[in-house]
file protein-v2.cif (mmCIF, C-alpha atoms)
data_my_file
#
loop_
_atom_site.label_atom_id
_atom_site.label_comp_id
_atom_site.auth_asym_id
_atom_site.auth_seq_id
_atom_site.Cartn_x
_atom_site.Cartn_y
_atom_site.Cartn_z
CA MET A 417 0.00 0.00 0.00
CA LYS A 418 1.29 3.44 -0.90
CA SER A 419 2.49 5.83 1.76
CA ILE A 420 1.49 9.47 2.05
CA MET A 421 4.97 10.38 3.32
CA SER A 422 5.92 12.35 0.24
CA ASN A 423 2.50 13.52 -0.87
CA THR A 424 2.72 17.22 -0.04
CA SER A 425 -0.25 18.13 -2.23
CA ILE A 426 -2.55 16.56 0.33
CA ILE A 427 -2.52 19.68 2.48
CA GLU A 428 -3.29 21.90 -0.50
CA ASP A 429 -6.06 19.55 -1.59
CA ILE A 430 -7.71 19.64 1.83
CA LYS A 431 -7.51 23.44 1.75
CA LEU A 432 -9.11 23.52 -1.68
CA GLY A 433 -12.06 21.57 -0.31
CA GLY A 434 -14.73 19.84 -2.36
CA MET A 435 -13.75 16.80 -4.35
CA LYS A 436 -10.03 17.43 -3.80
CA ARG A 437 -10.48 17.17 -0.03
CA GLN A 438 -12.41 13.93 -0.39
CA GLN A 439 -9.60 12.44 -2.45
CA ALA A 440 -6.95 13.67 -0.01
CA ILE A 441 -8.73 12.10 2.93
CA ALA A 442 -9.16 8.86 1.00
CA THR A 443 -5.41 8.84 0.33
CA ILE A 444 -4.60 9.33 4.01
CA TYR A 445 -7.11 6.69 5.05
CA GLN A 446 -5.54 4.17 2.68
CA ASP A 447 -2.07 4.59 4.19
CA ASN A 448 -1.92 1.23 5.95
CA GLN A 449 1.69 1.74 6.99
CA LEU A 450 0.77 4.78 9.07
CA LYS A 451 -2.39 3.16 10.38
CA ASN A 452 -0.43 0.13 11.57
CA GLN A 453 2.13 2.37 13.26
CA VAL A 454 -0.65 4.12 15.17
CA ILE A 455 -2.30 0.85 16.16
CA ALA A 456 1.05 -0.54 17.30
CA PHE A 457 1.72 2.56 19.41
CA VAL A 458 -1.68 2.39 21.09
CA LYS A 459 -1.28 -1.34 21.77
CA ARG A 460 2.14 -0.72 23.31
CA ASN A 461 0.53 1.87 25.56
CA SER A 462 -2.37 0.15 27.31
CA GLY A 463 -4.76 0.17 24.37
CA SER A 464 -6.39 -2.26 21.97
CA ALA A 465 -6.28 -2.49 18.17
CA ASP A 466 -9.82 -1.08 17.94
CA GLU A 467 -8.79 1.87 20.06
CA GLY A 468 -5.81 2.31 17.76
CA ILE A 469 -8.11 2.48 14.74
CA ASP A 470 -10.33 5.03 16.50
CA ILE A 471 -7.30 7.18 17.28
CA PHE A 472 -6.14 6.93 13.67
CA HIS A 473 -9.55 8.27 12.61
CA GLU A 474 -9.40 11.04 15.21
CA GLY A 475 -5.96 11.97 13.90
CA ILE A 476 -7.33 12.32 10.36
CA ILE A 477 -10.20 14.43 11.68
CA ALA A 478 -7.75 16.65 13.58
CA LEU A 479 -5.53 17.09 10.51
CA ASP A 480 -8.52 17.95 8.32
CA ASP A 481 -9.82 20.43 10.90
CA ASN A 482 -6.45 22.11 11.43
CA VAL A 483 -5.76 22.47 7.72
CA ARG A 484 -9.19 23.89 6.97
CA LYS A 485 -8.84 26.40 9.80
CA ASP A 486 -5.35 27.46 8.78
CA LYS A 487 -3.91 26.02 11.99
CA TYR A 488 -1.73 23.40 10.34
CA ARG A 489 1.89 24.13 11.17
CA GLY A 490 3.50 20.94 9.89
CA ASP A 491 6.59 20.81 7.74
CA GLY A 492 5.02 18.82 4.92
CA ASN A 493 5.76 15.43 6.45
CA ILE A 494 2.15 14.46 6.85
CA GLN A 495 2.91 10.98 8.12
CA GLY A 496 5.06 12.38 10.92
CA TYR A 497 2.49 15.05 11.74
CA LEU A 498 -0.36 12.57 11.80
CA PHE A 499 1.52 10.07 13.93
CA SER A 500 2.46 12.78 16.40
CA THR A 501 -1.16 13.95 16.52
CA CYS A 502 -2.44 10.41 17.10
CA ARG A 503 0.17 9.88 19.81
CA PHE A 504 -0.94 13.08 21.53
CA LEU A 505 -4.62 12.16 21.28
CA TRP A 506 -4.03 8.72 22.78
CA LEU A 507 -1.83 9.88 25.63
CA ASN A 508 -4.29 12.66 26.37
CA LYS A 509 -7.11 10.13 26.47
CA LEU A 510 -5.17 7.95 28.88
CA LYS A 511 -4.50 10.94 31.08
CA ARG A 512 -8.16 11.96 31.06
CA ASN A 513 -9.21 8.46 31.98
CA LYS A 514 -6.55 8.45 34.71
CA LYS A 515 -5.05 5.24 33.34
CA MET A 516 -1.43 4.41 34.00
CA VAL A 517 0.58 6.00 31.23
CA TYR A 518 3.59 4.05 30.13
CA THR A 519 5.21 5.13 26.96
CA ASP A 520 8.15 3.44 25.37
CA GLU A 521 9.16 6.63 23.64
CA ASN A 522 10.77 9.78 24.92
CA THR A 523 7.59 11.76 24.88
CA THR A 524 5.49 13.21 27.63
CA LEU A 525 2.23 15.04 27.28
CA ASP A 526 3.84 18.32 28.24
CA GLN A 527 6.15 18.08 25.26
CA ILE A 528 3.34 17.76 22.76
CA GLU A 529 1.37 20.75 21.62
CA GLU A 530 -1.28 20.00 19.09
CA GLU A 531 -4.42 21.81 18.11
CA THR A 532 -7.33 19.40 18.26
CA PRO A 533 -10.80 20.05 16.91
CA GLU A 534 -13.42 21.17 19.36
CA SER A 535 -15.64 18.20 18.67
CA LEU A 536 -13.00 15.79 19.98
CA SER A 537 -13.41 17.22 23.45
CA LEU A 538 -17.19 17.44 23.50
CA ALA A 539 -19.08 15.14 25.84
CA ASP A 540 -21.75 12.85 24.41
CA GLU A 541 -24.57 14.89 25.94
CA GLN A 542 -23.14 18.07 24.43
CA LYS A 543 -22.96 16.39 21.04
CA ALA A 544 -26.56 15.27 21.47
CA ILE A 545 -27.63 18.88 22.09
CA LEU A 546 -25.77 20.07 19.01
CA ASN A 547 -27.22 17.28 16.88
CA ASP A 548 -30.69 18.11 18.13
CA LEU A 549 -30.28 21.81 17.30
CA LEU A 550 -28.81 21.05 13.88
CA GLY A 551 -31.63 18.61 13.24
CA ARG A 552 -34.04 21.54 13.40
CA ILE A 553 -32.71 23.01 10.17
CA GLY A 554 -33.39 19.74 8.32
CA ASP A 555 -31.21 17.32 6.41
CA LYS A 556 -31.17 19.40 3.28
CA CYS A 557 -29.97 22.54 5.03
CA GLN A 558 -27.34 20.57 6.93
CA LYS A 559 -26.01 19.21 3.68
CA ILE A 560 -26.00 22.61 1.98
CA LEU A 561 -24.17 24.31 4.86
CA GLU A 562 -21.69 21.46 5.14
CA LEU A 563 -20.84 21.59 1.44
CA TRP A 564 -20.57 25.37 1.60
CA LYS A 565 -18.18 25.08 4.55
CA LEU A 566 -16.14 22.57 2.56
CA SER A 567 -15.71 25.11 -0.26
CA TYR A 568 -17.92 23.40 -2.80
CA SER A 569 -19.01 25.82 -5.51
CA MET A 570 -22.67 26.78 -5.74
CA GLU A 571 -22.88 24.78 -8.98
CA GLU A 572 -21.54 21.70 -7.19
CA ILE A 573 -23.91 22.26 -4.26
CA ALA A 574 -26.84 22.54 -6.67
CA GLU A 575 -25.83 19.26 -8.28
CA GLU A 576 -25.11 17.45 -5.01
CA VAL A 577 -28.32 18.48 -3.29
CA GLY A 578 -30.54 18.32 -6.35
CA LEU A 579 -31.30 22.00 -6.73
CA GLY A 580 -32.08 23.54 -10.08
CA ASN A 581 -29.07 25.80 -10.47
CA ALA A 582 -26.39 27.78 -8.65
CA GLY A 583 -28.76 30.69 -8.05
CA ILE A 584 -31.22 28.48 -6.21
CA ALA A 585 -28.35 26.93 -4.25
CA ARG A 586 -27.16 30.40 -3.25
CA ARG A 587 -30.62 31.39 -2.01
CA GLN A 588 -31.04 28.11 -0.17
CA ARG A 589 -27.64 28.55 1.45
CA TYR A 590 -28.68 31.99 2.65
CA ASN A 591 -32.02 30.73 3.98
CA CYS A 592 -30.40 27.77 5.73
CA TYR A 593 -27.80 30.01 7.35
CA GLN A 594 -30.52 32.34 8.58
CA LYS A 595 -32.39 29.36 10.03
CA LEU A 596 -29.26 28.29 11.88
CA LEU A 597 -28.69 31.81 13.23
CA ALA A 598 -32.29 31.91 14.46
CA ILE A 599 -31.76 28.62 16.29
CA ILE A 600 -28.56 29.97 17.83
CA ASP A 601 -30.44 33.04 19.07
CA GLN A 602 -32.85 30.77 20.90
CA ALA A 603 -30.22 28.49 22.43
CA PRO A 604 -28.13 30.38 25.00
CA GLU A 605 -26.68 27.07 26.26
CA LEU A 606 -24.56 26.96 23.10
CA LYS A 607 -22.20 29.52 24.59
CA ASN A 608 -21.16 27.04 27.24
CA ILE A 609 -20.88 24.13 24.85
CA LEU A 610 -18.93 25.87 22.09
CA LYS A 611 -16.59 27.99 24.19
CA MET B 233 -20.75 51.16 9.71
CA ASP B 234 -23.28 49.60 7.37
CA GLN B 235 -24.58 46.32 8.78
CA GLN B 236 -24.05 44.42 5.53
CA VAL B 237 -20.44 45.58 5.39
CA ASN B 238 -19.96 44.29 8.93
CA ILE B 239 -21.50 40.94 8.03
CA ASP B 240 -19.24 40.64 4.99
CA LEU B 241 -16.19 41.40 7.12
CA ILE B 242 -17.18 38.85 9.74
CA GLU B 243 -17.73 36.14 7.14
CA GLN B 244 -14.42 36.92 5.45
CA TYR B 245 -12.69 36.62 8.82
CA LEU B 246 -14.43 33.38 9.74
CA THR B 247 -13.76 31.79 6.36
CA HIS B 248 -10.07 32.74 6.48
CA GLU B 249 -10.28 35.02 3.47
CA MET B 250 -8.45 37.96 5.10
CA SER B 251 -4.79 38.79 4.88
CA GLU B 252 -2.81 38.96 8.13
CA ALA B 253 -3.01 42.77 8.13
CA GLN B 254 -6.76 42.70 7.55
CA ARG B 255 -7.19 40.20 10.38
CA VAL B 256 -5.31 42.41 12.81
CA GLU B 257 -7.34 45.45 11.78
CA PHE B 258 -10.58 43.49 12.13
CA GLU B 259 -9.61 42.16 15.57
CA ASP B 260 -8.85 45.73 16.71
CA LYS B 261 -12.25 46.83 15.50
CA LEU B 262 -13.91 44.01 17.43
CA LYS B 263 -12.52 45.44 20.66
CA THR B 264 -14.25 48.78 20.21
CA ASP B 265 -17.42 48.02 18.26
CA GLU B 266 -19.94 46.25 20.51
CA ALA B 267 -22.51 45.63 17.76
CA LEU B 268 -19.85 44.15 15.53
CA ALA B 269 -18.58 41.97 18.38
CA ALA B 270 -22.09 40.69 19.16
CA GLU B 271 -22.78 39.77 15.54
CA PHE B 272 -19.33 38.20 15.31
CA GLU B 273 -20.01 35.93 18.30
CA ARG B 274 -23.33 34.87 16.78
CA ARG B 275 -21.81 33.95 13.45
CA LYS B 276 -18.75 32.36 15.02
CA THR B 277 -21.11 30.01 16.85
CA ALA B 278 -22.83 29.19 13.56
CA HIS B 279 -19.49 28.33 11.96
CA LYS B 280 -18.55 26.19 14.94
CA MET B 281 -21.82 24.29 14.61
CA ILE B 282 -21.21 23.69 10.92
CA ASP B 283 -17.65 22.59 11.72
CA PHE B 284 -19.07 20.16 14.27
CA MET B 285 -21.34 18.78 11.54
CA VAL B 286 -18.41 18.41 9.12
CA THR B 287 -16.35 16.60 11.74
CA GLU B 288 -19.14 14.28 12.80
CA ASN B 289 -19.89 13.40 9.21
CA LEU B 290 -16.23 12.67 8.50
CA ARG B 291 -16.12 10.47 11.60
CA SER B 292 -19.17 8.54 10.37
CA GLN B 293 -17.59 8.13 6.95
CA LEU B 294 -14.36 6.82 8.42
CA LYS B 295 -16.19 4.40 10.73
CA SER B 296 -18.29 3.20 7.86
CA LEU B 297 -15.21 2.72 5.70
CA GLU B 298 -13.49 0.84 8.46
CA SER B 299 -16.36 -1.52 9.06
CA LYS B 300 -16.86 -2.28 5.41
CA ASP B 301 -13.26 -1.80 4.30
CA ALA B 302 -14.73 0.05 1.39
CA LYS B 303 -13.47 3.00 -0.52
CA ILE B 304 -14.48 6.46 0.60
CA VAL B 305 -17.71 7.65 -0.95
CA SER B 306 -16.57 10.36 -3.28
CA LEU B 307 -18.20 12.95 -5.42
CA GLN B 308 -17.22 10.81 -8.39
CA SER B 309 -19.50 8.00 -7.37
CA ARG B 310 -22.22 10.51 -6.59
CA LYS B 311 -21.73 12.03 -9.99
CA ARG B 312 -21.90 8.61 -11.59
CA ARG B 313 -25.15 7.97 -9.73
CA MET B 314 -26.49 11.36 -10.79
CA TYR B 315 -25.35 10.56 -14.33
CA THR B 316 -27.26 7.27 -14.26
CA LEU B 317 -30.27 9.10 -12.88
CA ALA B 318 -29.91 11.74 -15.57
CA ILE B 319 -29.83 9.05 -18.24
CA ALA B 320 -32.94 7.52 -16.69
CA ALA B 321 -34.60 10.95 -16.56
CA SER B 322 -33.63 11.65 -20.16
CA PHE B 323 -35.10 8.33 -21.19
CA ILE B 324 -38.30 9.16 -19.35
CA ILE B 325 -38.37 12.60 -20.98
CA LEU B 326 -38.09 10.96 -24.41
CA LEU B 327 -40.70 8.40 -23.44
CA GLY B 328 -42.86 11.21 -22.07
CA ALA B 329 -42.59 13.20 -25.29
CA PHE B 330 -43.68 10.12 -27.20
CA PHE B 331 -46.68 9.44 -25.01
CA MET B 332 -47.69 13.09 -24.88
CA LEU B 333 -48.27 12.86 -28.59
CA MET B 334 -50.65 9.98 -27.96
CA PRO B 335 -54.26 10.65 -26.88
CA GLY B 336 -54.53 10.54 -23.08
CA GLY B 337 -50.77 10.21 -22.70
CA SER B 338 -50.07 13.58 -21.09
CA ASP B 339 -50.12 12.21 -17.49
CA LEU B 340 -46.63 10.79 -17.92
CA SER B 341 -45.23 14.32 -17.83
CA ARG B 342 -45.89 14.40 -14.06
CA GLN B 343 -43.54 11.49 -13.51
CA GLN B 344 -41.03 13.12 -15.82
CA LEU B 345 -41.31 16.31 -13.80
CA ALA B 346 -40.79 14.47 -10.51
CA MET B 347 -37.76 12.63 -11.84
CA GLU B 348 -36.21 15.90 -12.91
CA TYR B 349 -36.35 17.14 -9.34
CA TYR B 350 -35.57 13.94 -7.48
CA ALA B 351 -32.09 13.53 -6.00
CA SER B 352 -31.38 10.66 -3.66
CA PRO B 353 -29.55 11.55 -0.44
CA ASP B 354 -25.97 10.38 -0.03
CA PHE B 355 -26.94 7.79 2.57
CA THR B 356 -24.18 8.77 4.98
CA LEU B 357 -25.91 7.53 8.13
CA ARG B 358 -26.34 10.99 9.57
CA SER B 359 -29.15 10.51 12.03
CA GLY B 360 -28.19 12.75 14.90
CA ALA B 361 -27.31 9.68 16.92
CA ASP B 362 -23.96 8.21 17.74
CA VAL B 363 -24.75 4.58 17.07
CA ILE B 364 -26.82 3.35 14.15
CA PRO B 365 -28.49 -0.05 14.59
CA ALA B 366 -26.94 -2.80 12.51
CA GLY B 367 -30.12 -3.39 10.47
CA ILE B 368 -30.29 0.18 9.25
CA ALA B 369 -26.55 0.35 8.62
CA GLU B 370 -26.85 -2.81 6.52
CA ALA B 371 -29.76 -1.35 4.56
CA VAL B 372 -27.87 1.87 3.94
CA THR B 373 -24.93 -0.11 2.61
CA ASP B 374 -27.36 -1.90 0.30
CA LEU B 375 -28.76 1.44 -0.83
CA ARG B 376 -25.28 2.66 -1.65
CA SER B 377 -24.66 -0.50 -3.65
CA ASN B 378 -28.04 -0.16 -5.33
CA ASN B 379 -29.25 -3.45 -3.80
CA LEU B 380 -32.69 -1.95 -3.50
CA ASN B 381 -34.72 -5.10 -2.86
CA SER B 382 -32.45 -6.13 -0.03
CA ALA B 383 -32.61 -2.63 1.49
CA ILE B 384 -36.40 -2.61 1.26
CA ALA B 385 -36.70 -6.04 2.86
CA THR B 386 -34.48 -4.98 5.77
CA LEU B 387 -36.09 -1.60 6.33
CA GLU B 388 -39.64 -2.99 6.21
CA GLN B 389 -38.78 -5.14 9.22
CA ILE B 390 -38.05 -2.13 11.44
CA GLU B 391 -41.11 -1.90 13.64
CA ILE B 392 -42.96 1.25 14.65
CA SER B 393 -41.86 0.79 18.27
CA ASP B 394 -38.20 0.98 17.20
CA PRO B 395 -36.58 4.36 18.05
CA TYR B 396 -35.15 4.43 14.53
CA TYR B 397 -38.47 3.72 12.83
CA VAL B 398 -38.72 7.20 11.29
CA LEU B 399 -35.19 7.04 9.91
CA ALA B 400 -35.92 3.56 8.54
CA GLN B 401 -39.11 4.76 6.87
CA TYR B 402 -37.22 7.69 5.33
CA TYR B 403 -34.64 5.40 3.77
CA LEU B 404 -37.38 2.93 2.82
CA GLY B 405 -39.15 5.71 0.90
CA HIS B 406 -36.01 6.40 -1.12
CA ALA B 407 -35.42 2.71 -1.80
CA GLN B 408 -39.00 2.35 -3.03
CA PHE B 409 -38.76 5.51 -5.13
CA LEU B 410 -35.55 4.28 -6.75
CA SER B 411 -37.31 0.95 -7.40
CA GLU B 412 -40.09 2.97 -9.07
CA ASP B 413 -42.65 1.73 -6.56
CA PHE B 414 -43.95 5.27 -6.22
CA SER B 415 -47.18 4.54 -4.33
CA SER B 416 -45.28 2.70 -1.60
CA ALA B 417 -42.66 5.47 -1.52
CA GLN B 418 -45.40 8.06 -1.09
CA ALA B 419 -46.86 6.09 1.83
CA SER B 420 -43.44 5.74 3.48
CA PHE B 421 -42.62 9.43 3.16
CA GLN B 422 -46.12 10.26 4.43
CA ARG B 423 -45.44 8.18 7.55
CA VAL B 424 -42.22 10.13 8.08
CA ALA B 425 -44.05 13.44 7.65
CA ASP B 426 -46.79 12.28 10.03
CA SER B 427 -44.18 11.64 12.69
CA ASN B 428 -43.49 15.39 12.81
CA ASP B 429 -39.80 14.68 13.39
CA LEU B 430 -38.24 18.03 12.51
CA ARG B 431 -35.09 16.37 11.23
CA TYR B 432 -36.96 14.77 8.35
CA LEU B 433 -40.24 16.66 8.08
CA GLU B 434 -39.47 19.01 5.19
CA ASP B 435 -37.54 16.40 3.23
CA ALA B 436 -40.37 13.90 3.72
CA GLN B 437 -43.00 16.39 2.53
CA TRP B 438 -40.95 17.10 -0.58
CA TYR B 439 -40.27 13.47 -1.44
CA ALA B 440 -43.91 12.56 -0.73
CA LEU B 441 -44.88 15.19 -3.30
CA LEU B 442 -42.44 13.79 -5.88
CA SER B 443 -43.64 10.24 -5.19
CA CYS B 444 -47.24 11.35 -5.51
CA LEU B 445 -46.52 13.05 -8.84
CA SER B 446 -44.75 9.95 -10.08
CA ALA B 447 -47.64 7.77 -8.95
CA GLU B 448 -49.98 10.11 -10.80
CA GLY B 449 -52.02 10.68 -7.66
CA ALA B 450 -53.85 13.75 -6.36
CA CYS B 451 -51.03 15.84 -4.95
CA THR B 452 -52.61 19.17 -4.05
CA SER B 453 -52.37 18.59 -0.31
CA TYR B 454 -48.65 17.81 -0.53
CA MET B 455 -48.04 20.88 -2.63
CA ASN B 456 -50.02 23.10 -0.28
CA ALA B 457 -48.17 21.78 2.77
CA ILE B 458 -44.95 23.12 1.26
CA LEU B 459 -46.33 26.29 -0.30
CA ASN B 460 -47.91 27.32 3.00
CA ASN B 461 -44.41 27.66 4.43
CA PRO B 462 -42.22 30.16 2.48
CA ASP B 463 -39.24 29.08 4.63
CA HIS B 464 -39.61 25.48 3.54
CA ASN B 465 -36.41 24.01 2.13
CA PHE B 466 -38.25 23.06 -1.07
CA TYR B 467 -40.53 26.07 -1.41
CA GLN B 468 -38.81 27.35 -4.55
CA GLN B 469 -38.77 23.99 -6.29
CA THR B 470 -42.45 23.43 -5.47
CA ILE B 471 -43.35 26.79 -7.00
CA GLU B 472 -41.43 25.78 -10.12
CA ILE B 473 -43.31 22.47 -10.28
CA GLN B 474 -46.60 24.25 -9.78
CA GLN B 475 -45.82 26.68 -12.61
CA ARG B 476 -44.84 23.88 -14.94
#
call {"tool": "encode", "arguments": {"input": "protein-v2.cif", "output": "C-alpha cells"}}
result
Amino acid sequence: MKSIMSNTSIIEDIKLGGMKRQQAIATIYQDNQLKNQVIAFVKRNSGSADEGIDIFHEGIIALDDNVRKDKYRGDGNIQGYLFSTCRFLWLNKLKRNKKMVYTDENTTLDQIEEETPESLSLADEQKAILNDLLGRIGDKCQKILELWKLSYSMEEIAEEVGLGNAGIARRQRYNCYQKLLAIIDQAPELKNILK
Amino acid sequence: MDQQVNIDLIEQYLTHEMSEAQRVEFEDKLKTDEALAAEFERRKTAHKMIDFMVTENLRSQLKSLESKDAKIVSLQSRKRRMYTLAIAASFIILLGAFFMLMPGGSDLSRQQLAMEYYASPDFTLRSGADVIPAGIAEAVTDLRSNNLNSAIATLEQIEISDPYYVLAQYYLGHAQFLSEDFSSAQASFQRVADSNDLRYLEDAQWYALLSCLSAEGACTSYMNAILNNPDHNFYQQTIEIQQR
C-alpha cells in the first residue's frame, strides 16, 4: 500500500475543499503503513487495536480540521504530523481516563502541543444537544451548509443536493444560514458548549 | 458602519479570506465596536456548529469505511449515480414526449417532472445519533450499492416501536422511489411526515410530493403543505413544479 509520506499536495487539496479534499482524505485513510504504526503505538501503551483504529480516525479528523482552519503548522511530512497527533490524542485520552501511562518513547504530554478540533473534546450529551439543534434546520440545510463550509461551488452544491441551479443553491444557502442563526439566538446554552 | 459591510467582514474573517493585516485590523475593531462583536459571536457560533457537523460526518464516513473496508464515498461516485439518474430521466423525458403525442398520454409528464427534481440523499448515516443499529446500517450499505430489494426487505422489518423507525421509513421511501414503486414510496414518506420529526419533516414532505406526482395521484395537499411555508427548504422547487 502506498504511503502518504511524500504527498505534499494533500494539504493543498484539503484546503481547496470539495472533491479534492475527499480524495486527499481517502489517500490518508488508505495509508496502511501509518495506520499500523498508530495501532502498534496504542497497543504498546495500554490500548487495543480497535482503540488504535479510533485514534487513527481522530488523527485524520484533527488534521482535516487544522488544515481547513489554517492552523496546520507541519513541515510537509504528513505521516510524521499525523503520527504525532495520534500519539498526543491517545496519551491525552489515557491521562483523562486516569489510566497508567507508560510510553516506550521519549515523549510526555507536556512536550506535545497539538491543536485538536473542538468536537474531539465534547461530551456525548453536548454532542446530542448540538445534533438536536442542527436537526431543526433539516437534512437538506445541513447538507448545503456542510458543502458550503467545505468550499464546494454553488454549482456543485446545486448538483449534489438536487437544486435547479447555482442561483437556487445560493438562495437556499442563505435561507439555511438564517435558520441556523435563528436557532442559535434561541439556544443560550450553546455559549457554554462551544466555548 | 453599514450592517451588511460588517457581516461581509465577519464572514471573510471566519472563512479565512483575510490577509494577516486585515485580520489584525478586524480584531482591533472588534474590541471597540460592541454591535460588531455581538454579531461576530453569533456567526462564530454558527461556523462552529457547521464545523461540528463536518467533523461528525467525517467520523461517520471513516467508521463506515473501516467496518466495510470500502473505498471512501466520493463525489465521483455521486456524480456517476447522478449521471445514471440523468440518463434515466432523459429516457423518461423521451418516453414522455412520445406518449404526450398519444391521446390521453399527457399524465406521464408528471412522472417526468418528478424525476427531474428527485435527488437521492448520499446515505451517509447521519441521524443525529452516535450509534446506528446494525439493520439500518446494513440497509444503507445496500442502498449505496443499489441493492434496492435487499434494502427494502431490511427496512420494512423495522417496527414502529423501534426508536429508529422514522429514519428507517425515510430510507425505505427512497429505496422504493428508486425501485419505481412510487405509491409505496409516497406512503413511506407520508409516515415520516406524520411523525413530525423536525429532522426529516421538510424532506419527507418534498419526497412525498415527488412520489405522488410519479404515482400520478392527487397531490394538491402535498403541494399546499410546502407552499404554506415560504421558509420550507423546497418552497422554490415546489413553486417551479406548480408553474410547470
call {"tool": "atom_distance", "arguments": {"input": "protein-v2.cif", "atom1": "CA of Cys444 (chain B)", "atom2": "CA of Asn460 (chain B)"}}
result
18.1 Å
call {"tool": "interface_residues", "arguments": {"input": "protein-v2.cif", "of": "chain A", "to": "chain B", "cutoff": "7 Å", "atoms": "all atoms listed in the file", "output": "JSON, numbers by chain"}}
result
{"A": [435, 438, 442, 473, 477, 535, 547, 548, 551, 552, 554, 555, 561, 562, 577, 578, 596, 597]}
call {"tool": "write_last_selection", "arguments": {"input": "protein-v2.cif", "atoms": "C-alpha atoms", "output": "PDB file, in the coordinates of the input"}}
result
ATOM      1  CA  MET A 435     -13.750  16.800  -4.350  1.00  0.00           C
ATOM      2  CA  GLN A 438     -12.410  13.930  -0.390  1.00  0.00           C
ATOM      3  CA  ALA A 442      -9.160   8.860   1.000  1.00  0.00           C
ATOM      4  CA  HIS A 473      -9.550   8.270  12.610  1.00  0.00           C
ATOM      5  CA  ILE A 477     -10.200  14.430  11.680  1.00  0.00           C
ATOM      6  CA  SER A 535     -15.640  18.200  18.670  1.00  0.00           C
ATOM      7  CA  ASN A 547     -27.220  17.280  16.880  1.00  0.00           C
ATOM      8  CA  ASP A 548     -30.690  18.110  18.130  1.00  0.00           C
ATOM      9  CA  GLY A 551     -31.630  18.610  13.240  1.00  0.00           C
ATOM     10  CA  ARG A 552     -34.040  21.540  13.400  1.00  0.00           C
ATOM     11  CA  GLY A 554     -33.390  19.740   8.320  1.00  0.00           C
ATOM     12  CA  ASP A 555     -31.210  17.320   6.410  1.00  0.00           C
ATOM     13  CA  LEU A 561     -24.170  24.310   4.860  1.00  0.00           C
ATOM     14  CA  GLU A 562     -21.690  21.460   5.140  1.00  0.00           C
ATOM     15  CA  VAL A 577     -28.320  18.480  -3.290  1.00  0.00           C
ATOM     16  CA  GLY A 578     -30.540  18.320  -6.350  1.00  0.00           C
ATOM     17  CA  LEU A 596     -29.260  28.290  11.880  1.00  0.00           C
ATOM     18  CA  LEU A 597     -28.690  31.810  13.230  1.00  0.00           C
TER      19      LEU A 597
END
call {"tool": "atom_distance", "arguments": {"input": "protein-v2.cif", "atom1": "CA of Phe409 (chain B)", "atom2": "CA of Ser443 (chain B)"}}
result
6.8 Å
call {"tool": "resolve_selection", "arguments": {"input": "protein-v2.cif", "expression": "the PyMOL selection byres ((chain B and resi 441) around 8)", "output": "number ranges by chain"}}
result
B: 418, 437-440, 442-445, 451, 454-455
call {"tool": "resolve_selection", "arguments": {"input": "protein-v2.cif", "expression": "the PyMOL selection byres ((chain A and resi 586) around 12)", "output": "list in words"}}
result
Cys557, Ile560, Leu561, Leu563, Trp564, Tyr568, Ser569, Met570, Glu571, Glu572, Ile573, Ala574, Val577, Leu579, Gly580, Asn581, Ala582, Gly583, Ile584, Ala585, Arg587, Gln588, Arg589, Tyr590, Asn591, Cys592 and Tyr593 of chain A
call {"tool": "atom_distance", "arguments": {"input": "protein-v2.cif", "atom1": "CA of Phe504 (chain A)", "atom2": "CA of Ser299 (chain B)"}}
result
24.6 Å
call {"tool": "closest_residue", "arguments": {"input": "protein-v2.cif", "among": "A:Tyr445, A:Gln495, A:Asp601, A:Trp506", "to": "Glu271 (chain B)", "atoms": "only C-alpha atoms"}}
result
A:Asp601
call {"tool": "closest_residue", "arguments": {"input": "protein-v2.cif", "among": "A:Ala440, A:Val483, A:Leu538, A:Leu450", "to": "Ser500 (chain A)", "atoms": "all atoms listed in the file"}}
result
A:Leu450
call {"tool": "closest_residue", "arguments": {"input": "protein-v2.cif", "among": "A:Ala465, A:Ile609, A:Ile444, A:Ile545", "to": "Ser425 (chain A)", "atoms": "all atoms listed in the file"}}
result
A:Ile444
call {"tool": "residues_around", "arguments": {"input": "protein-v2.cif", "residues": "Tyr245 (chain B)", "least_positions_apart": "6", "cutoff": "10 Å", "atoms": "all atoms listed in the file", "output": "list of chain:residue names"}}
result
B:Ile239, B:Ser251, B:Gln254, B:Arg255, B:Phe258, B:Glu259, B:Phe272, B:Lys276
call {"tool": "residues_around", "arguments": {"input": "protein-v2.cif", "residues": "Ile476 (chain A)", "least_positions_apart": "4", "cutoff": "9 Å", "atoms": "only C-alpha atoms", "output": "list in words"}}
result
Ile441, Ile444, Tyr445, Ile471, Phe472, Asp480, Asp481, Leu498, Thr501 and Cys502 of chain A
call {"tool": "residues_around", "arguments": {"input": "protein-v2.cif", "residues": "Ser420 (chain B)", "least_positions_apart": "4", "cutoff": "9 Å", "atoms": "all atoms listed in the file", "output": "count of residues only"}}
result
13
call {"tool": "resolve_selection", "arguments": {"input": "protein-v2.cif", "expression": "the PyMOL selection byres ((chain A and resi 484) around 9)", "output": "list in words"}}
result
Ile430, Lys431, Leu432, Gly433, Leu479, Asp480, Asp481, Asn482, Val483, Lys485, Asp486, Lys487, Tyr488 and Leu566 of chain A; His248 of chain B
call {"tool": "closest_residue", "arguments": {"input": "protein-v2.cif", "among": "A:Ser462, A:Asn452, A:Tyr497, A:Ile599", "to": "Ala478 (chain A)", "atoms": "only C-alpha atoms"}}
result
A:Tyr497
call {"tool": "decode", "arguments": {"input": "protein-v2.cif", "residues": "region 498-511 of chain A", "atoms": "C-alpha atoms", "output": "PDB file, in the first residue's frame"}}
result
ATOM      1  CA  LEU A 498      -0.357  12.567  11.801  1.00  0.00           C
ATOM      2  CA  PHE A 499       1.521  10.069  13.927  1.00  0.00           C
ATOM      3  CA  SER A 500       2.460  12.775  16.403  1.00  0.00           C
ATOM      4  CA  THR A 501      -1.160  13.949  16.522  1.00  0.00           C
ATOM      5  CA  CYS A 502      -2.439  10.412  17.104  1.00  0.00           C
ATOM      6  CA  ARG A 503       0.169   9.883  19.811  1.00  0.00           C
ATOM      7  CA  PHE A 504      -0.941  13.081  21.528  1.00  0.00           C
ATOM      8  CA  LEU A 505      -4.619  12.160  21.277  1.00  0.00           C
ATOM      9  CA  TRP A 506      -4.031   8.720  22.777  1.00  0.00           C
ATOM     10  CA  LEU A 507      -1.827   9.882  25.632  1.00  0.00           C
ATOM     11  CA  ASN A 508      -4.285  12.657  26.370  1.00  0.00           C
ATOM     12  CA  LYS A 509      -7.107  10.132  26.474  1.00  0.00           C
ATOM     13  CA  LEU A 510      -5.167   7.947  28.881  1.00  0.00           C
ATOM     14  CA  LYS A 511      -4.496  10.939  31.080  1.00  0.00           C
TER      15      LYS A 511
END
